Every structure is written in structure tokens, then in C-alpha cells.
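Peer 1: My questions all concern the structure below.
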Amino acid sequence: MAAGHDLEAYGSLTEGMSREHLELVRAAWPDARAVFGPSGLDAYLRAVRALESIGVTWSTIVTYLREAPRVAREAGEPAVRRLNETALSVYGYTNQATMEGLLTAAPVAARRLREPRAFAAFLALVSELAERAPRGLPAMLRHVNTLLDHLRVEDLRKWALLGIQAHSRDLFAQESYFDLKTPEARAFLRADSGGVQFTDVRKRLGLYLRALWGRGSELRGFPVTLQQSRPFITPLGIHLPDAYRAVQGETGVALYRAAAAHAAAHLAFSGPPQERGGLKPIQIVLVGLLEDARVEWLASREIPGLQRLWLRFHEARPTGGATFADLAVRLARALLDPAYEDDSPWVRKARKLFFESGHDLSDPGFVRGLGSSLGNDIGQMRLQFNAKTWVIEPMYRDDNTFLWEPDKNEQGLMMEEDIMLVQPEVIEADGGDTLESPDAEEAEGVRPTGAGDPDSDDQAMLAGDLLRIVHYPEWDHLISLMRPQWCTVQEKRPEPGDPAVVGEILHRHQDLLDRIDALIRGSELRKPVRLRKQMDGDRFDLDQVVNAMIDVRSHRTPDPRFHVRIDRRERDLSVLVLLDLSESTNDVVKASGKSVLHLAREATVLLAAAMERIGDQFAIHGFCSNGRGEVQYYRFKDFGWPFDDHVKARVAGMKGQLSTRMGGALRHATQWLRYRACDKKLILLVTDGEPHDIDVHDPKYLLFDAKKAVEEASRAGIFTYCMSLDPRADEYVSRIFGARNYTVVDHINRLPEKLPGLYLRLTR
């Protein structure tokens, strides 16, 4: 090593240090000069003196001495200079413990992000959070490995901004969010943030495994959680993550191939499950690591290209840190890559014992004893190991629960096989009981009973009141992001009233019903359709006639279907009437002496009678809210149910209460219509005011969220129309539904006669 790299050459920077502190710097110097050039070593020592000058203790300085070379090794010298600046900035806004947390997390982030530009973006985010969320930053730094396992750095910033915005007034809740203790924080990790999806590659993976091994394997996806992020194997097949969101494009596809091939190698070469016996958690991890290496070595011997595929995801460096996690990833690479050389005596010893001790690698029996011995060595080296936070690396490898007999009494290490085997998609219970599932936040996973094709409607009616609790996202217009799993819609059983009330409404408005009947008879409700290429019809299709003459002159047999016929298709329409049942509907309308709710009930009854006469499929639902955690959703009539006394009793019993969180209700109504097999789908919303709720103080928040929900319904092929009873509704309703997709009823007492007429115009 050049003399200029010796510590003595930098005497001006170490002058004044105590003997103890100088010895600490001297102990870290070999690692530093192995990765830094002269200017980098100068900056390294200047950073030490800067930390010393601001009064931090030497425990933090020792952390910097240890971790800065690791950052340089992963991301280069410029990254360490940016780290120095960020650490001082963080200390200015927070405290010494947070700065030390950054220094500890920095090498992990540099290794996971791989690119200097991404690491620089991570440091910029840390600086921003130190200023905007100083209480949450330490918690985020503790979980940086888990977060970067699920999110790219740009998605991590979105996640952080959601936490700041959602809990700006409650710092304790903000800290819990960054510590991954709240459902919405964990939900973002499961939300779709890009990457490669399992559904996109599933078919290709099946063909790939069949080509490799001559037999197929059942492939299943599972939603990634904090407890289960690695693939796993069960008697049901190979379970792969539903998405690898931290990688993109061809790299993501290759990662799925590596994971599937590794799991298939276990199925081909691993023996039956073993009992854990007296093995310690660290020994179980090492036995699994050695077994991974053994099956990969055997598979690579038969199919050499697999070694190249797997090595692509081994990023260990020969001179990594001295933690157990670093040694484990270095050993994993050493056992797969013959060209890899490592300076760790423990890694060299493990490699020698694995290959050079006369073991038959086709026999899995030797790995248990070798793993136990290597685990004892780690214990003697006094290296820390936490079984509850351990994550297997590289990320394509499975969790190795397949290798062990289930031990129901053991707590902590890798017991995920008892989770995830059943992933219910529909959350329902017999007899009207309510069930809640943590897997229900993805709205697409909920297919409500009665939302399928009309043939299943009889079964839906028999199913009765199957109630659900579903979590939906909400749109935050200030940060232009969806808050995942933010709003909870709870289906409630309506309280029945007296069905005679509905009968009285129909009797009192008999004249109006007669006029509606006349409108129906006078309207051409069946849509005319021009059918081309018919054997007979009203006139010739000139294009087909020309084609036929060309065929004749070309000595080909012409197509005799050259007629056009005009036919009329029966209406194929599903309508969901969604009623706002907030407290304001109890207000009395002076012109009629009746409440808004009473008039809305009358209008709904008359509309239902009209739809019943036409033969349209329709449902009647209502909603109110008590904060984002309780959007109450009432199903008075579902698709396929007759408009009988049972439904009439429910309609008669509707009441107004609480607030109007419109976006969540619209998303739930969209789910009810999404699976209807019909040409047209319509949500007809009847409301008396703009969206509002008790836990929202920004008047625009729920308005823009409702607009987003309408856009989502439109993308699902569902038309949304609003009938507003608020005379001032033009100010906001056009922004939510669009300029031509709403009607404001100026005289609320005329609602019963206006709603059926509006429906006929909309569906003509």
C-alpha cells in the first residue's frame, strides 16, 4: 500500500485526538484505505473531526468509521460525501440517535438500491423527512431493509409523504405509521407500485419449468406482507410473490425465473422434511442456506445455465461487513460461484467443508451437521442474530419452511407455512354475520353476491344478507396520491319498516304512475340494431354485393349473405340507485312539509315501480358515514330480488343519520356493478349536499376523492349520474360528475315526479 495511504500521512487531521480515539481510527483504517483514494481518506477523517466538533459521542463516530467504507464499496466515494452532508443535516433537525440510525441504515440502502443515483435520492428523502417528520424518521430508518425490499426509492417517498399528510396533526400516530404499526402503512407495501406482476409471467414460468425438468409444477401467487415476502413451497405447489415491485422489466422476469427454478430444484433434490430437534434458530438458517447451495449445485450440474441465472442476483462482495447477515450472503455466493474468493476465515472454512470433506452432494444428510457446526462458530464470534427479523437473501430464494416438519409450539423463526395457505377472496358469512379480513383491501378481490350474471340471482336471493367489510383507497389531492386501505365500507342490515307505507305511496301517486306507463308505451325502449351479412333482410348490403360480384368474376364461390336487416334488441341494462342517507336528509322542505328523506323515499319507490314495469335489472342501496373507518352501506334491494314486501319493508325503514363520505360509497357501488354481464351499467346517485365527514377538515379533499371514484367507475365501463337536491350544487357537482352528468332539482317537493322521468331519458 502506498505510503500516502498510511494514517501517519494525515497527521494534521488526527492532531489533538486522544490516544483511545486514535486507536479506534487506526482499527478502522485498513477497511477505509481499501476503498478510498487519497481525497476520500481526507474527507473520511474530516468527517470524523466534524462529528467530534459538534459534540456527538464516540459511539456514533465509531459507527461512522465502520459503515462509511461499506457505503463507498457499494455506491462509490461521492456517495460517502453526500452521506456526510446528510448526517450533519439530520443532526441539525433531530438528535444523535437519529443520525446514528442513518449511518447504520446507509450501507443497507446502498446495497439494496444498487445505483449511486438512487442512493442519492434516498439521502435526499432522509433530509426532507428530518425537516418534515423528525419523529417518524428514526422508525423508518429501522425498517429500511423491509421498505426497500418492497418499494423503489420513488415509491418510498410516496409512502413517506402519505404518512406525513395523513398524520400531520397527530405526531404519535405519525411515528406509528413510520414504524409500520398502522394498517395503512403496511397496506402501501401490498399496493401495486409497479414492478413485474406474477399474473403476467405465470404461464411462461409454467412452460419454463416444464422445459427444465420435464414436468410441470403448480404455481400460485400470494400477496406480499411483512411476515411473508419470500417464495415458499407447500403440498399445494410453489408460491411466488404477486409482484416483485423493486425490480423492473426483464430483470423482474429473470427474478421470477430464478425463484421458480430454485423452488423446483428443492422439489427435485431435497429430501423429506426434517424435525428441528435441538437446533438453534441460527443453525436452522445455516442448514437452510447449505441446502439451498446443495440443490443449486446439483441443478447446475444438470443444467449449467441455471448457475448464470442465479448468480445474477448474488451481490455479495469479498470484503463486506462482519455481521452475520453479511457473512451469510457472502457464503451463499461462495458456494455457488467457483471464481469467488473471500477474505473471511469463516466463509473459507465453510466452503472447504462443503466441497472438500468427501461429502456426497446428492445426499442431503450432511448439511445438518455442517450447519450446526458453523452455527456454533458464529456463536463463538459473538455475532448478533435476530430470528424474528431475519430475511433470506438473495431475494429469489424461498423461506425454507419446506425443509422442516411444522413445529406449532415454536415461536419466531419462519413459521409462515401456517399462514397464507388460504387466501379468501369473498368476505361473507351465513345468516347475515359480518366478517373482516386483512386481505380485503384490494377492491378487485371482492365480488359481491348478486353481482354476477342474472342466472345466479336466485342463489343471491337465497344467500340473503351476506354482509361485508371492505377497505378502499382514497385520493389525496394535496399530494396527488392514493391513500391505500384508507376508507372502510361496512355493509349494514337495514332495519325493516311497515311495507304499507310503500303501498300508500304507490296509491297516492297513481296518476303519476299512469303517466309513467304512458311514457313507457310511447317510448321506443328497445334499441334498433342494424344486422349485416344476413341471408335475407330489408335491403341489400352494397359492400357485400360488390364483394360477391368480385368473387363471381374471380371464379370463387360468393358469400350469399348480402342482406341487411333492422332488428330491435331488448334492453340490457343494470342500474344501481344510490341514496345519500346523511343527517341532513331529515331537514323539512317547507313547500311540502315533508323531510328530504321522505321525498327521496317516494321518488325511489316510484322509480322502482317504473323499472319493474320496464323489466330493467336494478338495485337500491344507500350510505352514510361516521369517519373514514365507518362508511355504513345499506342494501335495500339487490339485483335479482323482486320488489316485494320484504324489499318494501326495508325501503320504508330507511333513516337519515351521520355524514356523507361519497367516494367510498361510489367505489363499493362500482364493485356491485363491475361483474354484471350487461351492455350498460348505471349508478344513479341521489344526494342533498356535497361530500363531508367528521374527520375531514379540508373542504376539497372529499370532493376530489369523489371525482376520482367517478373516474374509476368510468374506466370500469360504468356511467355515473347525480341528481342533486342542493340548489347550490352547480358550484361543485359538475366538478365531480362532469358538466352533463348531473341534474339539480330546484323544487325538492317535485322530486317524486322528476326522478322516474329523468331515468327514462337517461336509459332511452
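Naming works like this for the C-alpha cells: A, B, ... for the chains as they're shown, residue 1 at the start of each chain, ligands 1 onward in shown order.
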I'd like the contact shell of Thr687 (chain A) - 10 Å cut-off, only C-alpha atoms, skipping same-chain residues fewer than 5 positions apart - returned as a list in words.
Peer 2: Leu578, Leu579, Asp580, Leu581, Ser582, Ser584, Thr585, Val596, Leu597, Ala600, Thr660, Met662, Cys722, Met723, Ser724, Leu725, Asp726, Ala729 and Val744 of chain A
Peer 1: As a VMD selection string, please: all residues of region 67-234 of chain A that backbone DSSP puts in helix (DSSP H, G or I).
Peer 2: chain A and resid 67 to 75 77 to 93 96 to 113 116 to 132 137 to 142 144 to 150 153 to 166 171 to 178 183 to 190 198 to 213
Peer 1: Write out as a PyMOL selection string each polymer residue whose atoms come within 12 Å of Leu335 (chain A), counting only C-alpha atoms; drop sequence neighbours fewer than 5 positions from it.
Peer 2: chain A and resi 289-298+307+310-311+314+316+328-330+340-342+347-356
Peer 1: Using only C-alpha atoms, please write the residues we just selected to a file, as a short mmCIF file (atom, residue, chain, number, x, y, z; two decimals), in the first residue's frame.
Peer 2:
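part29.cif, written as the output of this step:
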data_model
loop_
_atom_site.label_atom_id
_atom_site.label_comp_id
_atom_site.auth_asym_id
_atom_site.auth_seq_id
_atom_site.Cartn_x
_atom_site.Cartn_y
_atom_site.Cartn_z
CA LEU A 289 -28.51 -21.93 3.36
CA LEU A 290 -26.37 -25.04 2.84
CA GLU A 291 -29.34 -26.97 1.46
CA ASP A 292 -30.05 -24.11 -0.96
CA ALA A 293 -26.45 -24.32 -2.15
CA ARG A 294 -26.58 -28.12 -2.44
CA VAL A 295 -29.72 -28.24 -4.62
CA GLU A 296 -28.48 -25.35 -6.77
CA TRP A 297 -25.16 -27.13 -7.29
CA LEU A 298 -26.93 -30.35 -8.34
CA GLN A 307 -25.84 -21.05 -12.34
CA TRP A 310 -28.86 -17.38 -10.05
CA LEU A 311 -25.51 -15.58 -9.84
CA HIS A 314 -25.83 -12.61 -5.75
CA ALA A 316 -22.04 -10.11 -2.05
CA ALA A 328 -24.41 -15.32 5.17
CA VAL A 329 -24.79 -13.62 1.77
CA ARG A 330 -21.05 -14.00 1.13
CA TYR A 340 -15.46 -16.08 -5.99
CA GLU A 341 -12.75 -15.50 -3.37
CA ASP A 342 -13.48 -14.21 0.14
CA VAL A 347 -16.56 -18.31 4.76
CA ARG A 348 -13.39 -20.09 3.57
CA LYS A 349 -13.83 -22.77 6.22
CA ALA A 350 -17.49 -23.35 5.33
CA ARG A 351 -16.66 -23.60 1.63
CA LYS A 352 -13.86 -26.07 2.26
CA LEU A 353 -16.02 -28.28 4.49
CA PHE A 354 -18.87 -28.18 1.94
CA PHE A 355 -16.81 -29.25 -1.08
CA GLU A 356 -13.62 -30.88 0.18
#
Peer 1: Looking at A:Arg539, A:Arg169, A:Arg312, A:His359, which one is nearest to Leu336 (chain A), with distances taken over only C-alpha atoms?
Peer 2: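 With only C-alpha atoms as the atom set, the closest residue is A:Arg312.
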Peer 1: Would you mind telling me which residue in A:Trp390, A:Leu331, A:Ala173, A:Ala258 lies nearest to Asn145 (chain A) when using only C-alpha atoms?
Peer 2: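 The answer is A:Trp390, which sits nearest to Asn145 (chain A).
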Peer 1: Among region 90-237 of chain A, which residues carry a DSSP assignment of strand (DSSP E or B), reported as a list in words?
Peer 2: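 Of region 90-237 of chain A, only Val196, Gln197, Leu219, Arg220, Gly221, Phe222, Phe232, Ile233, Thr234 and Gly237 of chain A fall in strand (DSSP E or B).
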Peer 1: Which residue gives the smallest distance to Gly271 (chain A) among A:Trp404, A:Ala254, A:Gln380, A:Tyr732, with only C-alpha atoms counted?
Peer 2: A:Trp404
Peer 1: Find the residues around region 83-95 of chain A up to 8 Å (only C-alpha atoms counted), leave out those fewer than 4 positions away in its own chain, and share them as a count of residues only.
Peer 2: 14
Peer 1: Counting only C-alpha atoms, figure out which residue out of A:Thr98, A:Val196, A:Leu236, A:Asp698 gets nearest to Gly249 (chain A).
Peer 2: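 Among A:Thr98, A:Val196, A:Leu236, A:Asp698, it is A:Val196 that comes nearest to Gly249 (chain A).
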Peer 1: Which residues come within 7 Å of Leu658 (chain A), counting only C-alpha atoms, excluding same-chain residues fewer than 6 positions away, as a list of chain:residue names?
Peer 2: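 Once the nearby chain positions are removed, what remains is A:Ser582, A:Glu583, A:Cys624, A:Ser625, A:Asn626.
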Peer 1: Need the shell around Val201 (chain A): protein/DNA/RNA residues with any atom at most 10 Å away, counting only C-alpha atoms. Skip same-chain ones fewer than 2 positions apart. Format as a PyMOL selection string?
Peer 2: chain A and resi 196-199+203-206+252-253+256-257
Peer 1: Any chance you could export the current selection's C-alpha atoms as a CSV table (one decimal), in the first residue's frame?
Peer 2:
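The resulting file, out-v1.csv, is shown below:
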chain,number,residue,atom,x,y,z
A,196,VAL,CA,-43.4,-7.2,-12.6
A,197,GLN,CA,-46.6,-9.0,-11.7
A,198,PHE,CA,-46.9,-12.7,-11.2
A,199,THR,CA,-50.1,-12.8,-13.3
A,203,LYS,CA,-47.9,-19.0,-18.0
A,204,ARG,CA,-44.3,-18.5,-19.1
A,205,LEU,CA,-43.0,-19.8,-15.8
A,206,GLY,CA,-45.0,-23.0,-16.1
A,252,GLY,CA,-38.1,-8.8,-12.9
A,253,VAL,CA,-38.9,-11.6,-15.3
A,256,TYR,CA,-39.3,-14.9,-11.2
A,257,ARG,CA,-37.4,-17.5,-13.3
Peer 1: Counting only C-alpha atoms, which residue out of A:Asp705, A:Asp360, A:Glu302, A:Asp616 sits closest to Cys678 (chain A)?
Peer 2: A:Asp616
